[in-house]
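Undergrad: Dropping in query24.cif, with mmCIF, C-alpha atoms.
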```
data_work
loop_
_atom_site.group_PDB
_atom_site.id
_atom_site.type_symbol
_atom_site.label_atom_id
_atom_site.label_comp_id
_atom_site.auth_asym_id
_atom_site.auth_seq_id
_atom_site.Cartn_x
_atom_site.Cartn_y
_atom_site.Cartn_z
ATOM 1 C CA MET E 223 0.000 0.000 0.000
ATOM 2 C CA ARG E 224 2.785 2.416 0.853
ATOM 3 C CA VAL E 225 4.447 1.853 -2.544
ATOM 4 C CA GLY E 226 1.108 2.351 -4.265
ATOM 5 C CA LEU E 227 0.485 5.600 -2.417
ATOM 6 C CA GLU E 228 3.964 6.870 -3.310
ATOM 7 C CA LEU E 229 3.498 6.047 -6.995
ATOM 8 C CA GLY E 230 0.069 7.668 -6.915
ATOM 9 C CA ARG E 231 1.571 10.832 -5.435
ATOM 10 C CA LEU E 232 4.264 10.953 -8.123
ATOM 11 C CA LYS E 233 1.665 10.619 -10.849
ATOM 12 C CA SER E 234 -0.668 13.244 -9.380
ATOM 13 C CA ASP E 235 2.173 15.725 -8.766
ATOM 14 C CA TYR E 236 3.413 15.203 -12.324
ATOM 15 C CA ALA E 237 -0.085 15.672 -13.731
ATOM 16 C CA ARG E 238 -0.455 18.907 -11.766
ATOM 17 C CA ASP E 239 2.995 20.453 -12.297
ATOM 18 C CA GLY E 240 4.442 18.788 -15.398
ATOM 19 C CA PHE E 241 7.550 17.678 -13.509
ATOM 20 C CA VAL E 242 8.473 15.634 -10.469
ATOM 21 C CA ALA E 243 11.711 14.867 -8.620
ATOM 22 C CA VAL E 244 12.339 11.343 -7.343
ATOM 23 C CA PRO E 245 15.069 11.366 -4.668
ATOM 24 C CA GLY E 246 17.499 8.466 -4.516
ATOM 25 C CA LEU E 247 16.036 6.529 -7.431
ATOM 26 C CA ILE E 248 19.512 5.246 -8.355
ATOM 27 C CA LYS E 249 21.979 4.047 -5.713
ATOM 28 C CA PRO E 250 25.136 6.226 -5.454
ATOM 29 C CA ASP E 251 27.617 3.378 -6.025
ATOM 30 C CA GLU E 252 25.623 2.211 -9.044
ATOM 31 C CA LEU E 253 25.425 5.751 -10.407
ATOM 32 C CA ALA E 254 29.196 6.211 -10.110
ATOM 33 C CA GLY E 255 29.779 3.476 -12.674
ATOM 34 C CA TYR E 256 27.269 4.992 -15.083
ATOM 35 C CA ALA E 257 28.833 8.441 -14.618
ATOM 36 C CA ALA E 258 32.255 7.086 -15.523
ATOM 37 C CA ALA E 259 30.827 5.544 -18.708
ATOM 38 C CA VAL E 260 29.170 8.801 -19.748
ATOM 39 C CA ASP E 261 32.340 10.778 -18.892
ATOM 40 C CA GLN E 262 34.276 8.499 -21.234
ATOM 41 C CA ALA E 263 31.705 8.949 -23.981
ATOM 42 C CA VAL E 264 31.840 12.743 -23.705
ATOM 43 C CA ALA E 265 35.651 12.758 -23.666
ATOM 44 C CA VAL E 266 35.829 10.660 -26.844
ATOM 45 C CA ARG E 267 33.052 12.472 -28.678
ATOM 46 C CA LYS E 268 34.402 15.952 -27.846
ATOM 47 C CA ALA E 269 38.100 15.195 -28.411
ATOM 48 C CA ARG E 270 38.204 17.068 -31.713
ATOM 49 C CA ASP E 271 36.410 20.179 -30.433
ATOM 50 C CA THR E 272 39.238 22.282 -28.983
ATOM 51 C CA ARG E 273 37.422 25.626 -28.985
ATOM 52 C CA SER E 274 37.316 27.742 -25.840
ATOM 53 C CA LEU E 275 33.980 28.571 -24.239
ATOM 54 C CA GLN E 276 34.182 32.119 -25.587
ATOM 55 C CA GLU E 277 34.598 30.862 -29.168
ATOM 56 C CA LYS E 278 31.298 28.971 -29.072
ATOM 57 C CA SER E 279 27.773 30.115 -29.892
ATOM 58 C CA ARG E 280 25.364 31.081 -27.128
ATOM 59 C CA TYR E 281 23.660 27.701 -27.455
ATOM 60 C CA GLU E 282 26.972 25.821 -27.252
ATOM 61 C CA GLN E 283 27.974 27.850 -24.196
ATOM 62 C CA SER E 284 24.914 26.415 -22.442
ATOM 63 C CA PHE E 285 26.262 22.863 -22.500
ATOM 64 C CA LEU E 286 28.408 20.257 -24.207
ATOM 65 C CA GLN E 287 25.904 18.030 -25.994
ATOM 66 C CA CYS E 288 26.397 14.388 -27.013
ATOM 67 C CA GLN E 289 23.336 12.501 -28.266
ATOM 68 C CA TYR E 290 22.659 8.794 -28.877
ATOM 69 C CA ILE E 291 25.631 7.793 -26.720
ATOM 70 C CA TRP E 292 23.959 4.511 -25.761
ATOM 71 C CA GLU E 293 24.544 3.445 -29.355
ATOM 72 C CA ASP E 294 28.346 3.731 -29.583
ATOM 73 C CA PHE E 295 29.148 3.322 -25.867
ATOM 74 C CA PRO E 296 27.614 0.055 -24.618
ATOM 75 C CA ALA E 297 28.599 0.779 -21.008
ATOM 76 C CA VAL E 298 25.983 3.569 -20.996
ATOM 77 C CA ARG E 299 23.097 1.227 -21.867
ATOM 78 C CA PRO E 300 22.379 0.064 -18.299
ATOM 79 C CA LEU E 301 21.586 3.705 -17.474
ATOM 80 C CA THR E 302 19.594 4.415 -20.639
ATOM 81 C CA PHE E 303 17.420 1.366 -20.021
ATOM 82 C CA HIS E 304 17.577 1.463 -16.213
ATOM 83 C CA PRO E 305 14.506 -0.433 -15.003
ATOM 84 C CA ALA E 306 13.655 1.948 -12.154
ATOM 85 C CA VAL E 307 13.993 5.029 -14.362
ATOM 86 C CA CYS E 308 11.996 3.487 -17.202
ATOM 87 C CA ALA E 309 9.290 2.174 -14.860
ATOM 88 C CA VAL E 310 8.677 5.651 -13.449
ATOM 89 C CA ALA E 311 8.754 7.179 -16.940
ATOM 90 C CA ALA E 312 6.156 4.638 -18.129
ATOM 91 C CA LEU E 313 3.970 5.427 -15.132
ATOM 92 C CA LEU E 314 4.111 9.153 -15.831
ATOM 93 C CA VAL E 315 3.192 8.887 -19.522
ATOM 94 C CA GLY E 316 0.526 6.324 -18.673
ATOM 95 C CA SER E 317 1.731 3.490 -20.865
ATOM 96 C CA ASP E 318 2.486 -0.184 -20.318
ATOM 97 C CA ARG E 319 5.166 0.019 -23.004
ATOM 98 C CA LEU E 320 7.791 2.726 -23.385
ATOM 99 C CA ARG E 321 10.195 3.608 -26.194
ATOM 100 C CA LEU E 322 13.415 5.605 -26.240
ATOM 101 C CA TRP E 323 13.473 8.765 -28.366
ATOM 102 C CA HIS E 324 17.149 9.456 -27.676
ATOM 103 C CA ASP E 325 19.575 9.963 -24.825
ATOM 104 C CA GLN E 326 22.180 12.674 -24.369
ATOM 105 C CA ALA E 327 24.880 14.045 -22.107
ATOM 106 C CA LEU E 328 24.471 17.724 -21.236
ATOM 107 C CA TYR E 329 27.680 18.872 -19.540
ATOM 108 C CA LYS E 330 27.776 22.547 -18.574
ATOM 109 C CA GLU E 331 31.316 23.894 -18.475
ATOM 110 C CA PRO E 332 32.610 26.151 -15.684
ATOM 111 C CA GLY E 333 31.363 29.602 -16.625
ATOM 112 C CA GLY E 334 28.767 28.028 -18.937
ATOM 113 C CA ALA E 335 25.776 30.167 -19.833
ATOM 114 C CA PRO E 336 22.212 29.645 -18.587
ATOM 115 C CA THR E 337 20.046 27.400 -20.737
ATOM 116 C CA GLN E 338 17.193 29.448 -22.173
ATOM 117 C CA ALA E 339 13.608 28.698 -21.227
ATOM 118 C CA HIS E 340 11.944 26.355 -23.708
ATOM 119 C CA GLN E 341 9.668 23.362 -24.195
ATOM 120 C CA ASP E 342 11.186 20.182 -25.639
ATOM 121 C CA HIS E 343 8.296 18.715 -27.596
ATOM 122 C CA PRO E 344 8.190 21.391 -30.345
ATOM 123 C CA TYR E 345 11.589 20.125 -31.553
ATOM 124 C CA TRP E 346 10.281 16.587 -32.084
ATOM 125 C CA PRO E 347 8.031 15.234 -34.863
ATOM 126 C CA ILE E 348 5.848 13.267 -32.439
ATOM 127 C CA ALA E 349 2.105 13.845 -32.853
ATOM 128 C CA GLU E 350 1.017 12.837 -29.338
ATOM 129 C CA TYR E 351 2.112 14.721 -26.216
ATOM 130 C CA ARG E 352 3.117 11.563 -24.363
ATOM 131 C CA THR E 353 6.809 12.240 -23.868
ATOM 132 C CA VAL E 354 8.920 12.513 -20.727
ATOM 133 C CA THR E 355 12.559 13.373 -20.067
ATOM 134 C CA ALA E 356 14.572 11.849 -17.216
ATOM 135 C CA TRP E 357 17.215 14.351 -16.007
ATOM 136 C CA ILE E 358 19.977 12.574 -14.063
ATOM 137 C CA PRO E 359 22.749 14.620 -12.406
ATOM 138 C CA PHE E 360 26.138 13.118 -11.583
ATOM 139 C CA VAL E 361 27.016 16.097 -9.351
ATOM 140 C CA GLU E 362 25.112 18.427 -7.063
ATOM 141 C CA ALA E 363 22.837 20.513 -9.266
ATOM 142 C CA ASN E 364 21.890 23.800 -7.650
ATOM 143 C CA ASN E 365 21.827 27.559 -8.177
ATOM 144 C CA SER E 366 25.622 27.643 -8.357
ATOM 145 C CA THR E 367 26.329 24.715 -10.662
ATOM 146 C CA GLY E 368 23.445 25.022 -13.138
ATOM 147 C CA GLY E 369 20.334 23.598 -11.525
ATOM 148 C CA MET E 370 17.047 23.178 -13.356
ATOM 149 C CA GLY E 371 13.963 25.370 -13.182
ATOM 150 C CA TYR E 372 10.453 24.374 -14.303
ATOM 151 C CA VAL E 373 7.274 26.411 -14.798
ATOM 152 C CA PRO E 374 4.525 24.510 -12.946
ATOM 153 C CA GLY E 375 1.508 23.752 -15.100
ATOM 154 C CA SER E 376 3.105 24.928 -18.347
ATOM 155 C CA HIS E 377 2.616 21.451 -19.853
ATOM 156 C CA ARG E 378 -1.077 22.304 -20.126
ATOM 157 C CA GLN E 379 -0.320 25.252 -22.409
ATOM 158 C CA ASP E 380 0.080 25.159 -26.169
ATOM 159 C CA ALA E 381 3.339 24.034 -27.741
ATOM 160 C CA ARG E 382 5.579 27.037 -28.290
ATOM 161 C CA PHE E 383 8.702 26.730 -30.414
ATOM 162 C CA VAL E 384 11.713 28.653 -29.098
ATOM 163 C CA ASP E 385 14.803 28.686 -31.284
ATOM 164 C CA ILE E 386 17.417 28.269 -28.563
ATOM 165 C CA PHE E 387 19.914 27.201 -31.223
ATOM 166 C CA SER E 388 20.136 30.762 -32.508
ATOM 167 C CA GLY E 389 19.710 32.373 -29.084
ATOM 168 C CA GLU E 390 16.177 33.679 -29.587
ATOM 169 C CA ASP E 391 14.707 35.597 -26.649
ATOM 170 C CA GLY E 392 11.074 36.179 -25.834
ATOM 171 C CA VAL E 393 9.987 33.692 -23.142
ATOM 172 C CA GLU E 394 11.156 35.624 -20.084
ATOM 173 C CA ASP E 395 7.507 36.160 -19.116
ATOM 174 C CA LEU E 396 7.092 32.416 -18.560
ATOM 175 C CA ALA E 397 10.540 31.885 -17.072
ATOM 176 C CA ALA E 398 9.740 34.340 -14.279
ATOM 177 C CA ASP E 399 7.364 31.756 -12.776
ATOM 178 C CA ALA E 400 9.930 28.949 -12.685
ATOM 179 C CA ARG E 401 10.473 26.756 -9.650
ATOM 180 C CA PHE E 402 14.114 25.712 -9.314
ATOM 181 C CA VAL E 403 14.683 22.168 -8.089
ATOM 182 C CA PRO E 404 18.045 21.211 -6.538
ATOM 183 C CA ALA E 405 19.099 17.619 -7.161
ATOM 184 C CA SER E 406 21.839 15.328 -5.858
ATOM 185 C CA PRO E 407 23.517 12.321 -7.495
ATOM 186 C CA GLY E 408 21.009 9.466 -7.426
ATOM 187 C CA ASP E 409 18.010 11.774 -7.784
ATOM 188 C CA VAL E 410 16.085 11.849 -11.055
ATOM 189 C CA ILE E 411 13.862 14.714 -12.212
ATOM 190 C CA PHE E 412 11.203 13.866 -14.789
ATOM 191 C CA HIS E 413 9.527 16.523 -16.924
ATOM 192 C CA HIS E 414 6.798 16.504 -19.553
ATOM 193 C CA GLY E 415 7.705 17.372 -23.149
ATOM 194 C CA LEU E 416 5.599 20.547 -22.942
ATOM 195 C CA THR E 417 6.894 21.744 -19.566
ATOM 196 C CA MET E 418 8.695 25.069 -19.884
ATOM 197 C CA HIS E 419 12.112 24.626 -18.301
ATOM 198 C CA MET E 420 15.556 26.189 -18.143
ATOM 199 C CA ALA E 421 18.869 25.883 -16.302
ATOM 200 C CA MET E 422 21.043 28.356 -14.485
ATOM 201 C CA GLY E 423 24.584 29.085 -15.587
ATOM 202 C CA ASN E 424 27.488 27.241 -14.022
ATOM 203 C CA ALA E 425 29.228 29.638 -11.650
ATOM 204 C CA SER E 426 31.325 26.872 -10.101
ATOM 205 C CA ALA E 427 34.850 25.775 -11.021
ATOM 206 C CA ALA E 428 33.737 22.234 -11.940
ATOM 207 C CA MET E 429 31.835 20.706 -14.837
ATOM 208 C CA ARG E 430 28.105 20.237 -14.257
ATOM 209 C CA ARG E 431 27.685 16.668 -15.479
ATOM 210 C CA VAL E 432 24.165 15.551 -16.382
ATOM 211 C CA TYR E 433 22.720 12.720 -18.436
ATOM 212 C CA THR E 434 19.206 12.753 -19.872
ATOM 213 C CA ALA E 435 17.025 10.232 -21.663
ATOM 214 C CA ILE E 436 13.800 11.027 -23.501
ATOM 215 C CA TYR E 437 11.055 8.421 -23.612
ATOM 216 C CA PHE E 438 7.638 8.236 -25.263
ATOM 217 C CA ALA E 439 4.601 5.994 -25.024
ATOM 218 C CA ASP E 440 4.659 3.081 -27.430
ATOM 219 C CA GLY E 441 2.116 3.668 -30.177
ATOM 220 C CA CYS E 442 2.874 7.360 -30.725
ATOM 221 C CA THR E 443 2.946 8.450 -34.366
ATOM 222 C CA ARG E 444 5.128 10.728 -36.463
ATOM 223 C CA SER E 445 3.597 14.171 -36.834
ATOM 224 C CA THR E 446 2.613 15.513 -40.246
ATOM 225 C CA ASP E 447 4.222 18.941 -39.802
ATOM 226 C CA GLY E 448 7.250 18.166 -41.951
ATOM 227 C CA LYS E 449 9.806 18.224 -39.155
ATOM 228 C CA HIS E 450 12.896 16.071 -39.534
ATOM 229 C CA HIS E 451 14.706 14.166 -36.799
ATOM 230 C CA PRO E 452 17.228 11.300 -36.845
ATOM 231 C CA SER E 453 15.069 9.241 -34.497
ATOM 232 C CA VAL E 454 12.460 8.796 -37.223
ATOM 233 C CA ASP E 455 14.344 9.664 -40.421
ATOM 234 C CA ARG E 456 16.905 6.883 -39.915
ATOM 235 C CA SER E 457 14.151 4.271 -39.807
ATOM 236 C CA GLY E 458 12.094 5.734 -42.628
ATOM 237 C CA ILE E 459 9.049 6.358 -40.428
ATOM 238 C CA LEU E 460 6.530 8.207 -42.590
ATOM 239 C CA PRO E 461 4.258 11.018 -41.297
ATOM 240 C CA GLY E 462 1.206 9.601 -39.592
ATOM 241 C CA ARG E 463 2.770 6.185 -39.047
ATOM 242 C CA VAL E 464 3.577 4.563 -35.687
ATOM 243 C CA ILE E 465 7.106 5.278 -34.466
ATOM 244 C CA ASP E 466 8.532 1.799 -33.988
ATOM 245 C CA GLY E 467 11.854 1.720 -35.833
ATOM 246 C CA GLY E 468 15.222 0.473 -34.696
ATOM 247 C CA ALA E 469 16.377 3.987 -33.774
ATOM 248 C CA THR E 470 13.579 4.195 -31.167
ATOM 249 C CA PRO E 471 13.753 0.817 -29.416
ATOM 250 C CA LEU E 472 11.487 -0.510 -26.734
ATOM 251 C CA ALA E 473 12.815 0.630 -23.336
ATOM 252 C CA TRP E 474 10.186 -0.829 -21.013
ATOM 253 C CA PRO E 475 9.578 -3.594 -20.231
ATOM 254 C CA LEU E 476 12.840 -5.377 -20.978
ATOM 255 C CA ALA E 477 14.335 -8.574 -19.663
ATOM 256 C CA THR E 478 17.213 -7.889 -17.280
ATOM 257 C CA GLY E 479 20.342 -7.035 -19.261
ATOM 258 C CA ALA E 480 18.577 -7.519 -22.604
ATOM 259 C CA TYR E 481 19.461 -4.188 -24.162
ATOM 260 C CA PRO E 482 18.496 -3.346 -27.753
ATOM 261 C CA ASP E 483 21.095 -3.348 -30.497
ATOM 262 C CA PRO E 484 21.559 0.046 -32.171
ATOM 263 C CA VAL E 485 20.951 0.483 -35.893
ATOM 264 C CA PRO E 486 23.793 1.817 -38.072
ATOM 265 C CA TRP E 487 23.941 5.489 -38.921
ATOM 266 C CA PRO E 488 23.837 6.342 -42.613
ATOM 267 C CA GLN E 489 26.806 7.842 -44.361
ATOM 268 C CA ILE E 490 26.838 11.621 -43.987
ATOM 269 C CA ASP E 491 26.302 13.431 -47.279
ATOM 270 C CA ASP E 492 25.949 17.094 -46.347
ATOM 271 C CA ALA E 493 28.160 19.674 -44.653
ATOM 272 C CA ARG E 494 25.836 20.430 -41.741
ATOM 273 C CA ALA E 495 25.512 16.773 -40.718
ATOM 274 C CA ARG E 496 29.274 16.316 -41.008
ATOM 275 C CA ARG E 497 29.770 19.302 -38.725
ATOM 276 C CA VAL E 498 27.379 17.840 -36.132
ATOM 277 C CA ALA E 499 29.276 14.541 -36.203
ATOM 278 C CA ASP E 500 32.659 16.281 -36.032
ATOM 279 C CA LEU E 501 31.515 18.116 -32.908
ATOM 280 C CA GLY E 502 30.567 14.778 -31.319
ATOM 281 C CA ILE E 503 26.878 15.585 -31.027
ATOM 282 C CA ILE E 504 25.917 12.418 -32.920
ATOM 283 C CA PRO E 505 27.907 9.213 -33.472
ATOM 284 C CA ALA E 506 30.337 9.225 -36.362
ATOM 285 C CA PRO E 507 29.170 6.826 -39.102
ATOM 286 C CA ARG E 508 31.172 3.615 -39.398
ATOM 287 C CA GLY E 509 32.878 2.433 -42.526
#
```
Written as structure tokens, that's how I'd like the structure from this file.

TA:
Amino acid sequence: MRVGLELGRLKSDYARDGFVAVPGLIKPDELAGYAAAVDQAVAVRKARDTRSLQEKSRYEQSFLQCQYIWEDFPAVRPLTFHPAVCAVAALLVGSDRLRLWHDQALYKEPGGAPTQAHQDHPYWPIAEYRTVTAWIPFVEANNSTGGMGYVPGSHRQDARFVDIFSGEDGVEDLAADARFVPASPGDVIFHHGLTMHMAMGNASAAMRRVYTAIYFADGCTRSTDGKHHPSVDRSGILPGRVIDGGATPLAWPLATGAYPDPVPWPQIDDARARRVADLGIIPAPRG
């Protein structure tokens, strides 16, 4: 009964606010191994990017970004498909089956800029609003290091695209209502794809190391708005069709240790995609 009441509280708080923090969901000694695996992935992916913080764009000053690291770094997979994390994510989106959209490391350098207020879902070609992000810090995340802020109830508002890639302003009115949530290693914060959120700058002398994974309810379909995204483009998922390709594998339920095999990335044939791979944001194609 106590477990049921706790799960019910998480679900009701999430439904009300659009985010919820779960303290101690991952044991510290277990998390340390996952953190080391993600650290290694970031080090390898970012090895060729030798620019200083000041040489980067405003968006890049917000964080070092490495996506789909579960695919080329197998040691990360136990975190991506962590049963406790995925079980809570499935509960929050209200689905018996959960798929992975993509994972990513978001490391904020010392002196790194604040992350602008935005919603996640407008960047994704997913028709249904049944998405959730698990935000997993490897260090203390607070007002000094780059902690997260969420606008309660904003997931019930319309989707609003904010071009944080080019540094667009214009959402300060919503950001003013944010509730900042400190988190320690082992805690996991979950937020809805439409929840307006942001992060403070990193005023500390150490890297703010965070891993995130985005999940969606199995059965969601690709939107018909013409948006592109590797998670659906790589598998040839057509608009209006169910998103069930190899790039978006089932994440819950899984047999213990039975992690999905990643699908190969296509050869890069344009300058922008090559640049993204060179910066370590996506895996470099093999061959």

Undergrad: Name all residues at most 8 Å from region 296-310 of chain E (count all atoms listed in the file; drop same-chain ones fewer than 4 positions away) and give them as a list in words.

TA: Leu247, Ile248, Tyr256, Ala259, Val260, Ile291, Trp292, Leu314, Leu320, Asp325, Ala356, Val410, Ala435, Ala473, Trp474, Pro475, Leu476, Gly479 and Tyr481 of chain E

Undergrad: Kindly export the residues of the current selection with C-alpha atoms, as an mmCIF file, keeping the file's coordinate frame.

TA:
```cif
data_model
loop_
_atom_site.group_PDB
_atom_site.id
_atom_site.type_symbol
_atom_site.label_atom_id
_atom_site.label_comp_id
_atom_site.auth_asym_id
_atom_site.auth_seq_id
_atom_site.Cartn_x
_atom_site.Cartn_y
_atom_site.Cartn_z
ATOM 1 C CA LEU E 247 16.036 6.529 -7.431
ATOM 2 C CA ILE E 248 19.512 5.246 -8.355
ATOM 3 C CA TYR E 256 27.269 4.992 -15.083
ATOM 4 C CA ALA E 259 30.827 5.544 -18.708
ATOM 5 C CA VAL E 260 29.170 8.801 -19.748
ATOM 6 C CA ILE E 291 25.631 7.793 -26.720
ATOM 7 C CA TRP E 292 23.959 4.511 -25.761
ATOM 8 C CA LEU E 314 4.111 9.153 -15.831
ATOM 9 C CA LEU E 320 7.791 2.726 -23.385
ATOM 10 C CA ASP E 325 19.575 9.963 -24.825
ATOM 11 C CA ALA E 356 14.572 11.849 -17.216
ATOM 12 C CA VAL E 410 16.085 11.849 -11.055
ATOM 13 C CA ALA E 435 17.025 10.232 -21.663
ATOM 14 C CA ALA E 473 12.815 0.630 -23.336
ATOM 15 C CA TRP E 474 10.186 -0.829 -21.013
ATOM 16 C CA PRO E 475 9.578 -3.594 -20.231
ATOM 17 C CA LEU E 476 12.840 -5.377 -20.978
ATOM 18 C CA GLY E 479 20.342 -7.035 -19.261
ATOM 19 C CA TYR E 481 19.461 -4.188 -24.162
#
```

Undergrad: Given all atoms listed in the file as the basis, pick out the residue of E:Asp318, E:Glu350, E:Glu282, E:Asp447 nearest to Ser388 (chain E).

TA: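 For Ser388 (chain E), the nearest of the given residues is E:Glu282.
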
Undergrad: Env of region 352-354 of chain E: 7 Å cut, atoms = only C-alpha atoms, seq-sep filter 5 positions within chain, self excluded. Answer as a JSON list (two decimals) with C-alpha atoms, in the coordinates of the input.

TA:
```json
[["chain", "number", "residue", "atom", "x", "y", "z"],
["E", 311, "ALA", "CA", 8.75, 7.18, -16.94],
["E", 315, "VAL", "CA", 3.19, 8.89, -19.52],
["E", 412, "PHE", "CA", 11.20, 13.87, -14.79],
["E", 413, "HIS", "CA", 9.53, 16.52, -16.92],
["E", 414, "HIS", "CA", 6.80, 16.50, -19.55],
["E", 415, "GLY", "CA", 7.70, 17.37, -23.15],
["E", 436, "ILE", "CA", 13.80, 11.03, -23.50],
["E", 437, "TYR", "CA", 11.06, 8.42, -23.61],
["E", 438, "PHE", "CA", 7.64, 8.24, -25.26],
["E", 439, "ALA", "CA", 4.60, 5.99, -25.02]]
```

Undergrad: Find the residues of region 407-500 of chain E that sit at most 10 Å from region 327-334 of chain E; for each, write down the nearest two atoms and how far apart they are in Å, to one decimal. Count only C-alpha atoms. Sort by chain, then by number going up, and give it as a Markdown table.

TA:
```
| residue | atom | partner | partner_atom | distance |
| --- | --- | --- | --- | --- |
| E:Ala421 | CA | E:Lys330 | CA | 9.8 |
| E:Met422 | CA | E:Gly334 | CA | 8.9 |
| E:Gly423 | CA | E:Gly334 | CA | 5.5 |
| E:Asn424 | CA | E:Gly334 | CA | 5.1 |
| E:Ala425 | CA | E:Gly333 | CA | 5.4 |
| E:Ser426 | CA | E:Pro332 | CA | 5.8 |
| E:Ala427 | CA | E:Pro332 | CA | 5.2 |
| E:Ala428 | CA | E:Pro332 | CA | 5.5 |
| E:Met429 | CA | E:Glu331 | CA | 4.9 |
| E:Arg430 | CA | E:Lys330 | CA | 4.9 |
| E:Arg431 | CA | E:Tyr329 | CA | 4.6 |
| E:Val432 | CA | E:Leu328 | CA | 5.3 |
| E:Tyr433 | CA | E:Ala327 | CA | 4.5 |
| E:Thr434 | CA | E:Ala327 | CA | 6.2 |
| E:Ala435 | CA | E:Ala327 | CA | 8.7 |
```

Undergrad: Tell me which of E:Gly502, E:Pro482, E:Gly369, E:Pro250 sits closest to Gln326 (chain E), counting all atoms listed in the file.

TA: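 Among E:Gly502, E:Pro482, E:Gly369, E:Pro250, it is E:Gly502 that comes nearest to Gln326 (chain E).
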
Undergrad: Exactly which residues make up the result of the PyMOL selection byres ((chain E and resi 418) around 12) on this file, given as JSON, numbers by chain?

TA: {"E": [239, 240, 241, 337, 338, 339, 340, 341, 342, 343, 344, 370, 371, 372, 373, 374, 375, 376, 377, 378, 379, 380, 381, 382, 383, 384, 393, 394, 395, 396, 397, 398, 399, 400, 401, 402, 413, 414, 415, 416, 417, 419, 420, 421]}

Undergrad: Grab the residues selected above and save them as a short mmCIF file (atom, residue, chain, number, x, y, z; two decimals), keeping the file's coordinate frame with C-alpha atoms.

TA:
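New file selection_29.cif:
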```cif
data_model
loop_
_atom_site.label_atom_id
_atom_site.label_comp_id
_atom_site.auth_asym_id
_atom_site.auth_seq_id
_atom_site.Cartn_x
_atom_site.Cartn_y
_atom_site.Cartn_z
CA ASP E 239 3.00 20.45 -12.30
CA GLY E 240 4.44 18.79 -15.40
CA PHE E 241 7.55 17.68 -13.51
CA THR E 337 20.05 27.40 -20.74
CA GLN E 338 17.19 29.45 -22.17
CA ALA E 339 13.61 28.70 -21.23
CA HIS E 340 11.94 26.36 -23.71
CA GLN E 341 9.67 23.36 -24.20
CA ASP E 342 11.19 20.18 -25.64
CA HIS E 343 8.30 18.72 -27.60
CA PRO E 344 8.19 21.39 -30.34
CA MET E 370 17.05 23.18 -13.36
CA GLY E 371 13.96 25.37 -13.18
CA TYR E 372 10.45 24.37 -14.30
CA VAL E 373 7.27 26.41 -14.80
CA PRO E 374 4.53 24.51 -12.95
CA GLY E 375 1.51 23.75 -15.10
CA SER E 376 3.10 24.93 -18.35
CA HIS E 377 2.62 21.45 -19.85
CA ARG E 378 -1.08 22.30 -20.13
CA GLN E 379 -0.32 25.25 -22.41
CA ASP E 380 0.08 25.16 -26.17
CA ALA E 381 3.34 24.03 -27.74
CA ARG E 382 5.58 27.04 -28.29
CA PHE E 383 8.70 26.73 -30.41
CA VAL E 384 11.71 28.65 -29.10
CA VAL E 393 9.99 33.69 -23.14
CA GLU E 394 11.16 35.62 -20.08
CA ASP E 395 7.51 36.16 -19.12
CA LEU E 396 7.09 32.42 -18.56
CA ALA E 397 10.54 31.88 -17.07
CA ALA E 398 9.74 34.34 -14.28
CA ASP E 399 7.36 31.76 -12.78
CA ALA E 400 9.93 28.95 -12.68
CA ARG E 401 10.47 26.76 -9.65
CA PHE E 402 14.11 25.71 -9.31
CA HIS E 413 9.53 16.52 -16.92
CA HIS E 414 6.80 16.50 -19.55
CA GLY E 415 7.70 17.37 -23.15
CA LEU E 416 5.60 20.55 -22.94
CA THR E 417 6.89 21.74 -19.57
CA HIS E 419 12.11 24.63 -18.30
CA MET E 420 15.56 26.19 -18.14
CA ALA E 421 18.87 25.88 -16.30
#
```

Undergrad: Find, counting all atoms listed in the file, the residue in E:Asp492, E:Ile411, E:Ser317, E:Gln276 that gets nearest to Tyr236 (chain E).

TA: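 Smallest separation from Tyr236 (chain E) among the options: E:Ile411.
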
Undergrad: With 3 Å added on each side, what axis-aligned box encloses every listed atom of region 312-318 of chain E? Give the centre and edge lengths in Å to one decimal, as lines of an AutoDock Vina configuration file.

TA:
```
center_x = 3.3
center_y = 4.5
center_z = -18.0
size_x = 11.6
size_y = 15.3
size_z = 11.7
```

Undergrad: Using only C-alpha atoms, pick whichever of E:Phe360, E:Trp346, E:Phe295, E:Tyr290 has the shortest atom-to-atom distance to Lys449 (chain E).

TA: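 Among the listed residues, the smallest separation from Lys449 (chain E) belongs to E:Trp346.
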
Undergrad: Have a look at CA of Pro245 (chain E) and CA of Thr355 (chain E) and let me know their distance in Å, one decimal.

TA: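 These two atoms are separated by 15.7 Å.
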
Undergrad: Kindly indicate which residue among E:Lys233, E:His324, E:Arg497, E:Arg463 lies nearest to Asp271 (chain E), using all atoms listed in the file for the distances.

TA: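 Nearest to Asp271 (chain E): E:Arg497.
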
Undergrad: If you measure from CA of Pro347 (chain E) to CA of Ser445 (chain E), what distance in Å do you get, rounded to one decimal?

TA: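 Computing it gives 5.0 Å between the two atoms.
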
Undergrad: Care to translate the PyMOL selection byres ((chain E and resi 457) around 12) into actual residues of this file, as a PyMOL selection string?

TA: chain E and resi 444+450-456+458-460+463-471+484-488

Undergrad: Looking at E:Gly368, E:Pro404, E:Pro505, E:Gly230, which one is nearest to Phe285 (chain E), with distances taken over all atoms listed in the file?

TA: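 The closest residue to Phe285 (chain E) is E:Gly368.
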
Undergrad: What is the distance between CA of Leu322 (chain E) and CA of Thr478 (chain E), in Å to one decimal?

TA: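 Separating CA of Leu322 (chain E) from CA of Thr478 (chain E) is a distance of 16.6 Å.
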